[in-house]
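Asks: The structure is given below, and queries will be raised subsequently.
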Amino acid sequence: MTAPRAEAGAPTPPGVRRRRPLRRRLFAWFGVTIVAAIALSSAVHFLLSPGSPRWREVVARSEAFVDGRFARVWDDAAARDELAGAIARDLGVGVRLEDARGRALHEVGEPCGRRRYSTTVHRGGVVVGRVHACPPPERGRHLALPFASLGVAGLVLWAASWLVARRIARPLTALSDVTRRIGEGELGARARVDPRQPAEVGELAATVNVMAERIARQLDDQRELLAAVSHELRSPLARMRVLTELAREPSRAAHNLEAIELEIAEIDALVSKLLASSRLDFAALDRREVAPLDLAREALERAGLDATLLRDAGAPSRARLDPTLVHRALANLLDNARDHGGGARGLEVGTRAGAVVFVVEDAGPGFPEGARERAFESFRRGDGPAAERRDGLGLGLALVQRIARAHGGRAWIEEASPVGARVGLELPAST
């Protein structure tokens, strides 16, 4: 959800525009805040602290000024006392004059305590006295300067931390509310994806939305599958019940037993598809070293088709595949050719770019324009009474596609020549 570039290995969900990651933004925020706090605190301390270079320079000049002024009038008591009084009035401080031996000569203004600024008076290189400037107690602000500096820095950091916490917590609180609603079953709840949010927050919001959509879609598919399975199981069971009653008649026993066997085979095929679908849901692949030609030959035999339909187009001798799932995929391809393509004309096994390829070619009318991709969708049933009877669940080619993707391969449909369609399954020969 934020701009520059994505982190390695972290795909951006749909609708999310990449920007700087949250950790970088936090680093920048706190870096600027700390620098500003230090700069402001240092400026206050530098400008107001008695120990600063500027302050020492001012003190040195003041001492030189006082030394020079008092040196000219030191022997004139009246002029000396008048100068002390003028300094006391103009600067608002107490002034105490002492001779070279430390005896008091004159004192004006606030009496001097332990806090005082002193300078010596020189004349001809000889110390003739001392001048003490005594600030009033309320002027002792320099003692509070370190605390004032720390207070300013603390206030700046506190205010910045509040802003940062507020910016971070707001979208996360909203996401927490959305996920809570989804957990309570409100699958229509969606997180707001704001392009101004940090990258991680935006990606999380988009991912939560994708998750909610997938959960809702899966629940809809499960409801549809449950309804279809219930219907598909009731039909053969009802027919088996009738056939069992009819089997009691000796004259039709053989025919009825054969019909019951067909119904059982239909239920077995249905359960096999459901089990394969369940294994794919849990990614439970059991890869083994198998011979692709043997798998194809067994699939033709199980479908009751002639082994002469098998074509070797350069098939690899061995491949690491899940034999149970591949058998299911080949059975579905052959069933699809029988139910919708006028029967299978051949099962070709070859290789392409390190992958084993199974292709079933039929003699039917092919797939209408734009119907090839939709043919791999779940619960999409074919047309005609055969389709209704054989694959009422609509899982045939959809299951083939899922098995191919679980192996890291793909399934596809292409036109055959001169008529018909070729439905293929491409699986990596080794992983």
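In the structure tokens, each chain is lettered A, B, ... as it comes, each chain's residues begin at 1, and ligands are numbered from 1 in order of appearance.
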Can you list, as number ranges by chain, every protein, DNA or RNA residue that comes within 9 Å of Ala160 of chain A when you count only C-alpha atoms, leaving out same-chain residues fewer than 3 positions away?
Replies: A: 29-30, 33, 155-157, 163-165
Asks: Go ahead and write the residues just picked, C-alpha atoms, as a PDB file, in the first residue's frame.
Replies:
```
ATOM      1  CA  TRP A  29      10.044   9.723  12.560  1.00  0.00           C
ATOM      2  CA  PHE A  30      12.002   9.018  15.721  1.00  0.00           C
ATOM      3  CA  THR A  33      12.168  13.826  16.600  1.00  0.00           C
ATOM      4  CA  LEU A 155       7.672  17.391  25.955  1.00  0.00           C
ATOM      5  CA  VAL A 156       8.823  17.206  22.332  1.00  0.00           C
ATOM      6  CA  LEU A 157       9.386  13.438  22.520  1.00  0.00           C
ATOM      7  CA  LEU A 163       1.319  11.271  17.215  1.00  0.00           C
ATOM      8  CA  VAL A 164       3.232   8.170  16.112  1.00  0.00           C
ATOM      9  CA  ALA A 165       1.216   5.878  18.387  1.00  0.00           C
TER      10      ALA A 165
END
```
Asks: Any chance you could list, as a VMD selection string, the residues in segment 193-368 of chain A that come up helix (DSSP H, G or I) when DSSP is run on the backbone?
Replies: chain A and resid 199 to 246 250 to 281 292 to 302 307 to 309 323 to 340
Asks: Produce a file of the selected residues containing C-alpha atoms, as a tab-separated table (two decimals), in the first residue's frame.
Replies:
```tsv
chain	number	residue	atom	x	y	z
A	199	ALA	CA	3.17	-0.69	3.34
A	200	GLU	CA	2.75	-3.40	5.99
A	201	VAL	CA	-0.62	-2.09	7.19
A	202	GLY	CA	-1.94	-1.81	3.63
A	203	GLU	CA	-0.74	-5.29	2.72
A	204	LEU	CA	-2.31	-6.69	5.88
A	205	ALA	CA	-5.63	-5.01	5.08
A	206	ALA	CA	-5.62	-6.32	1.51
A	207	THR	CA	-4.61	-9.80	2.70
A	208	VAL	CA	-7.45	-9.84	5.25
A	209	ASN	CA	-9.88	-8.94	2.46
A	210	VAL	CA	-8.51	-11.71	0.21
A	211	MET	CA	-8.76	-14.15	3.12
A	212	ALA	CA	-12.38	-13.19	3.79
A	213	GLU	CA	-13.26	-13.58	0.11
A	214	ARG	CA	-11.61	-17.00	-0.08
A	215	ILE	CA	-13.35	-18.19	3.09
A	216	ALA	CA	-16.71	-17.01	1.79
A	217	ARG	CA	-16.08	-18.66	-1.58
A	218	GLN	CA	-14.95	-21.92	0.02
A	219	LEU	CA	-18.01	-22.03	2.26
A	220	ASP	CA	-20.24	-21.46	-0.76
A	221	ASP	CA	-18.42	-24.23	-2.63
A	222	GLN	CA	-18.75	-26.57	0.33
A	223	ARG	CA	-22.47	-25.90	0.59
A	224	GLU	CA	-22.87	-26.57	-3.13
A	225	LEU	CA	-20.71	-29.68	-2.91
A	226	LEU	CA	-22.67	-31.00	0.07
A	227	ALA	CA	-25.95	-30.47	-1.76
A	228	ALA	CA	-24.60	-32.13	-4.91
A	229	VAL	CA	-23.11	-35.10	-3.01
A	230	SER	CA	-26.36	-35.63	-1.16
A	231	HIS	CA	-28.25	-35.69	-4.45
A	232	GLU	CA	-25.70	-37.87	-6.24
A	233	LEU	CA	-25.65	-40.44	-3.45
A	234	ARG	CA	-29.41	-40.60	-3.05
A	235	SER	CA	-29.95	-41.40	-6.75
A	236	PRO	CA	-27.77	-44.56	-7.00
A	237	LEU	CA	-28.85	-45.70	-3.54
A	238	ALA	CA	-32.50	-45.43	-4.57
A	239	ARG	CA	-31.80	-47.38	-7.76
A	240	MET	CA	-29.87	-50.01	-5.79
A	241	ARG	CA	-32.80	-50.42	-3.42
A	242	VAL	CA	-35.12	-51.12	-6.38
A	243	LEU	CA	-32.59	-53.43	-8.03
A	244	THR	CA	-32.15	-55.36	-4.77
A	245	GLU	CA	-35.90	-56.01	-4.64
A	246	LEU	CA	-35.89	-57.05	-8.29
A	250	PRO	CA	-34.54	-65.65	-10.23
A	251	SER	CA	-35.20	-64.81	-13.86
A	252	ARG	CA	-33.62	-61.32	-13.60
A	253	ALA	CA	-31.04	-61.96	-10.88
A	254	ALA	CA	-27.97	-61.85	-13.16
A	255	HIS	CA	-29.10	-58.67	-14.93
A	256	ASN	CA	-29.99	-56.93	-11.68
A	257	LEU	CA	-26.69	-57.88	-10.00
A	258	GLU	CA	-24.84	-56.39	-12.96
A	259	ALA	CA	-26.87	-53.20	-12.63
A	260	ILE	CA	-26.15	-53.07	-8.88
A	261	GLU	CA	-22.44	-53.45	-9.64
A	262	LEU	CA	-22.61	-50.45	-11.98
A	263	GLU	CA	-24.32	-48.37	-9.31
A	264	ILE	CA	-21.64	-49.37	-6.79
A	265	ALA	CA	-18.96	-48.41	-9.29
A	266	GLU	CA	-20.61	-45.02	-9.71
A	267	ILE	CA	-20.66	-44.47	-5.93
A	268	ASP	CA	-17.04	-45.60	-5.72
A	269	ALA	CA	-16.03	-43.12	-8.43
A	270	LEU	CA	-17.87	-40.34	-6.62
A	271	VAL	CA	-16.15	-41.15	-3.32
A	272	SER	CA	-12.80	-41.35	-5.12
A	273	LYS	CA	-13.27	-37.84	-6.49
A	274	LEU	CA	-14.21	-36.51	-3.09
A	275	LEU	CA	-11.19	-38.17	-1.46
A	276	ALA	CA	-8.89	-36.76	-4.13
A	277	SER	CA	-10.34	-33.30	-3.63
A	278	SER	CA	-9.88	-33.64	0.13
A	279	ARG	CA	-6.23	-34.68	-0.26
A	280	LEU	CA	-5.59	-31.66	-2.44
A	281	ASP	CA	-7.18	-29.39	0.16
A	292	PRO	CA	4.16	-42.91	-16.68
A	293	LEU	CA	3.34	-45.49	-19.40
A	294	ASP	CA	2.23	-47.99	-16.77
A	295	LEU	CA	-0.06	-45.37	-15.18
A	296	ALA	CA	-1.63	-44.62	-18.56
A	297	ARG	CA	-2.05	-48.32	-19.36
A	298	GLU	CA	-3.78	-48.97	-16.01
A	299	ALA	CA	-6.08	-45.96	-16.55
A	300	LEU	CA	-7.22	-47.36	-19.91
A	301	GLU	CA	-7.78	-50.78	-18.36
A	302	ARG	CA	-9.84	-49.35	-15.48
A	307	ALA	CA	-4.77	-50.76	-24.67
A	308	THR	CA	-4.10	-49.95	-28.35
A	309	LEU	CA	-5.28	-46.38	-27.62
A	323	PRO	CA	0.09	-42.35	-8.54
A	324	THR	CA	-3.31	-42.21	-6.87
A	325	LEU	CA	-3.96	-38.62	-7.89
A	326	VAL	CA	-2.57	-39.14	-11.41
A	327	HIS	CA	-4.86	-42.17	-11.80
A	328	ARG	CA	-7.77	-39.96	-10.73
A	329	ALA	CA	-6.78	-37.24	-13.21
A	330	LEU	CA	-6.44	-39.70	-16.12
A	331	ALA	CA	-9.78	-41.31	-15.21
A	332	ASN	CA	-11.43	-37.89	-15.27
A	333	LEU	CA	-9.87	-37.08	-18.66
A	334	LEU	CA	-11.12	-40.36	-20.11
A	335	ASP	CA	-14.57	-39.88	-18.53
A	336	ASN	CA	-14.73	-36.39	-20.00
A	337	ALA	CA	-13.88	-37.73	-23.46
A	338	ARG	CA	-16.56	-40.41	-23.12
A	339	ASP	CA	-19.28	-38.12	-21.76
A	340	HIS	CA	-18.67	-34.99	-23.83
```
Asks: Distance atom CA of Ala88 of chain A-atom CA of Gly129 of chain A, one decimal place?
Replies: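 Rounded to one decimal, the two atoms are 17.8 Å apart.
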Asks: Write out as a short mmCIF file (atom, residue, chain, number, x, y, z; two decimals) with C-alpha atoms, in the first residue's frame the residues lying within 8 Å of Gly409 of chain A, counting only C-alpha atoms and excluding same-chain residues fewer than 2 positions away.
Replies:
```
data_model
loop_
_atom_site.label_atom_id
_atom_site.label_comp_id
_atom_site.auth_asym_id
_atom_site.auth_seq_id
_atom_site.Cartn_x
_atom_site.Cartn_y
_atom_site.Cartn_z
CA ALA A 404 -1.76 -30.62 -12.06
CA ARG A 405 -1.14 -27.51 -9.94
CA ALA A 406 -0.48 -29.61 -6.82
CA HIS A 407 2.36 -31.28 -8.77
CA ALA A 411 -3.74 -28.62 -17.56
CA LEU A 425 -2.01 -32.81 -18.22
CA GLU A 426 1.62 -31.68 -17.78
CA LEU A 427 3.48 -32.73 -14.61
CA PRO A 428 7.13 -32.15 -13.67
#
```
Asks: Could you name the residues that touch segment 72-76 of chain A at 9 Å or less, counting only C-alpha atoms, but leaving out those on the same chain fewer than 4 positions away, as an MDAnalysis selection string?
Replies: chainID A and resid 67:68 80:81 83 121 123 128:129
Asks: Kindly indicate which residue among A:Ile403, A:Ala60, A:Ile413, A:Val356 lies nearest to Arg374 of chain A, using only C-alpha atoms for the distances.
Replies: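 Checking each of A:Ile403, A:Ala60, A:Ile413, A:Val356 against Arg374 of chain A, counting only C-alpha atoms, the winner is A:Ile413.
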Asks: What is the atom CA of Glu348 of chain A-atom CA of Asp306 of chain A distance in Å, reported with one decimal?
Replies: 13.4 Å
Asks: For a quick check of understanding, using only C-alpha atoms, which of A:Arg96, A:Arg167, A:Arg311, A:His106 has the smallest distance to Ala77 of chain A?
Replies: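 Once distances to Ala77 of chain A are computed over only C-alpha atoms, the minimum belongs to A:His106.
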Asks: What does the distance between atom CA of Val419 of chain A and atom CA of Glu361 of chain A come to in Å, to one decimal place?
Replies: 9.7 Å
Asks: Going by DSSP on the backbone, which residues of segment 58-139 of chain A come out as strand (DSSP E)? List them as a list in words.
Replies: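 Matching residues, listed in order: Gly94, Val95, Arg96, Leu97, Glu98, Asp99, Ala104, Leu105, His106, Glu107, Val108, Tyr117, Ser118, Thr119, Thr120, Val121, His122, Arg123, Val126, Val127, Val128, Gly129, Arg130, Val131, His132, Ala133 and Cys134 of chain A.
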Asks: Keeping only N, CA and C atoms, write those residues as a PDB file, in the first residue's frame.
Replies:
```pdb
ATOM      1  N   GLY A  94      23.059  43.893  44.023  1.00  0.00           N
ATOM      2  CA  GLY A  94      23.782  44.483  45.140  1.00  0.00           C
ATOM      3  C   GLY A  94      25.257  44.617  44.800  1.00  0.00           C
ATOM      4  N   VAL A  95      25.914  45.690  45.278  1.00  0.00           N
ATOM      5  CA  VAL A  95      27.331  45.912  44.996  1.00  0.00           C
ATOM      6  C   VAL A  95      28.055  46.106  46.331  1.00  0.00           C
ATOM      7  N   ARG A  96      29.156  45.394  46.500  1.00  0.00           N
ATOM      8  CA  ARG A  96      29.970  45.490  47.702  1.00  0.00           C
ATOM      9  C   ARG A  96      31.412  45.778  47.268  1.00  0.00           C
ATOM     10  N   LEU A  97      31.996  46.816  47.861  1.00  0.00           N
ATOM     11  CA  LEU A  97      33.377  47.210  47.565  1.00  0.00           C
ATOM     12  C   LEU A  97      34.248  46.842  48.747  1.00  0.00           C
ATOM     13  N   GLU A  98      35.403  46.257  48.471  1.00  0.00           N
ATOM     14  CA  GLU A  98      36.365  45.886  49.500  1.00  0.00           C
ATOM     15  C   GLU A  98      37.752  46.368  49.082  1.00  0.00           C
ATOM     16  N   ASP A  99      38.599  46.648  50.093  1.00  0.00           N
ATOM     17  CA  ASP A  99      39.971  47.044  49.758  1.00  0.00           C
ATOM     18  C   ASP A  99      40.784  45.785  49.507  1.00  0.00           C
ATOM     19  N   ALA A 104      35.462  45.900  54.094  1.00  0.00           N
ATOM     20  CA  ALA A 104      34.363  46.549  53.399  1.00  0.00           C
ATOM     21  C   ALA A 104      34.579  48.045  53.326  1.00  0.00           C
ATOM     22  N   LEU A 105      34.417  48.605  52.141  1.00  0.00           N
ATOM     23  CA  LEU A 105      34.501  50.046  51.945  1.00  0.00           C
ATOM     24  C   LEU A 105      33.118  50.646  51.732  1.00  0.00           C
ATOM     25  N   HIS A 106      32.262  49.957  51.011  1.00  0.00           N
ATOM     26  CA  HIS A 106      30.933  50.495  50.723  1.00  0.00           C
ATOM     27  C   HIS A 106      30.057  49.325  50.251  1.00  0.00           C
ATOM     28  N   GLU A 107      28.757  49.369  50.565  1.00  0.00           N
ATOM     29  CA  GLU A 107      27.815  48.326  50.129  1.00  0.00           C
ATOM     30  C   GLU A 107      26.491  48.971  49.818  1.00  0.00           C
ATOM     31  N   VAL A 108      25.902  48.652  48.670  1.00  0.00           N
ATOM     32  CA  VAL A 108      24.656  49.240  48.232  1.00  0.00           C
ATOM     33  C   VAL A 108      23.778  48.146  47.619  1.00  0.00           C
ATOM     34  N   TYR A 117      29.273  37.541  42.017  1.00  0.00           N
ATOM     35  CA  TYR A 117      30.245  37.635  40.933  1.00  0.00           C
ATOM     36  C   TYR A 117      31.292  38.677  41.353  1.00  0.00           C
ATOM     37  N   SER A 118      32.540  38.297  41.362  1.00  0.00           N
ATOM     38  CA  SER A 118      33.587  39.179  41.880  1.00  0.00           C
ATOM     39  C   SER A 118      34.637  39.467  40.816  1.00  0.00           C
ATOM     40  N   THR A 119      35.205  40.641  40.883  1.00  0.00           N
ATOM     41  CA  THR A 119      36.321  41.008  40.009  1.00  0.00           C
ATOM     42  C   THR A 119      37.284  41.908  40.792  1.00  0.00           C
ATOM     43  N   THR A 120      38.525  41.867  40.450  1.00  0.00           N
ATOM     44  CA  THR A 120      39.547  42.690  41.125  1.00  0.00           C
ATOM     45  C   THR A 120      39.748  43.993  40.369  1.00  0.00           C
ATOM     46  N   VAL A 121      40.166  44.992  41.130  1.00  0.00           N
ATOM     47  CA  VAL A 121      40.464  46.301  40.557  1.00  0.00           C
ATOM     48  C   VAL A 121      41.981  46.478  40.578  1.00  0.00           C
ATOM     49  N   HIS A 122      42.554  46.739  39.395  1.00  0.00           N
ATOM     50  CA  HIS A 122      43.995  46.887  39.259  1.00  0.00           C
ATOM     51  C   HIS A 122      44.356  48.329  38.912  1.00  0.00           C
ATOM     52  N   ARG A 123      45.454  48.714  39.413  1.00  0.00           N
ATOM     53  CA  ARG A 123      45.998  50.001  38.996  1.00  0.00           C
ATOM     54  C   ARG A 123      47.524  49.890  39.007  1.00  0.00           C
ATOM     55  N   VAL A 126      48.849  46.527  40.163  1.00  0.00           N
ATOM     56  CA  VAL A 126      48.710  46.154  41.569  1.00  0.00           C
ATOM     57  C   VAL A 126      47.223  46.098  41.916  1.00  0.00           C
ATOM     58  N   VAL A 127      46.810  45.053  42.673  1.00  0.00           N
ATOM     59  CA  VAL A 127      45.426  44.928  43.114  1.00  0.00           C
ATOM     60  C   VAL A 127      45.181  45.935  44.217  1.00  0.00           C
ATOM     61  N   VAL A 128      44.183  46.809  43.978  1.00  0.00           N
ATOM     62  CA  VAL A 128      43.850  47.822  44.978  1.00  0.00           C
ATOM     63  C   VAL A 128      42.525  47.533  45.657  1.00  0.00           C
ATOM     64  N   GLY A 129      41.760  46.607  45.164  1.00  0.00           N
ATOM     65  CA  GLY A 129      40.473  46.304  45.776  1.00  0.00           C
ATOM     66  C   GLY A 129      39.691  45.261  44.985  1.00  0.00           C
ATOM     67  N   ARG A 130      38.482  44.980  45.485  1.00  0.00           N
ATOM     68  CA  ARG A 130      37.601  43.996  44.821  1.00  0.00           C
ATOM     69  C   ARG A 130      36.179  44.546  44.764  1.00  0.00           C
ATOM     70  N   VAL A 131      35.479  44.184  43.703  1.00  0.00           N
ATOM     71  CA  VAL A 131      34.076  44.571  43.521  1.00  0.00           C
ATOM     72  C   VAL A 131      33.251  43.282  43.435  1.00  0.00           C
ATOM     73  N   HIS A 132      32.235  43.206  44.279  1.00  0.00           N
ATOM     74  CA  HIS A 132      31.340  42.047  44.284  1.00  0.00           C
ATOM     75  C   HIS A 132      29.958  42.470  43.800  1.00  0.00           C
ATOM     76  N   ALA A 133      29.445  41.763  42.765  1.00  0.00           N
ATOM     77  CA  ALA A 133      28.069  41.975  42.308  1.00  0.00           C
ATOM     78  C   ALA A 133      27.223  40.820  42.824  1.00  0.00           C
ATOM     79  N   CYS A 134      26.157  41.158  43.522  1.00  0.00           N
ATOM     80  CA  CYS A 134      25.348  40.123  44.190  1.00  0.00           C
ATOM     81  C   CYS A 134      23.938  40.115  43.621  1.00  0.00           C
TER      82      CYS A 134
END
```
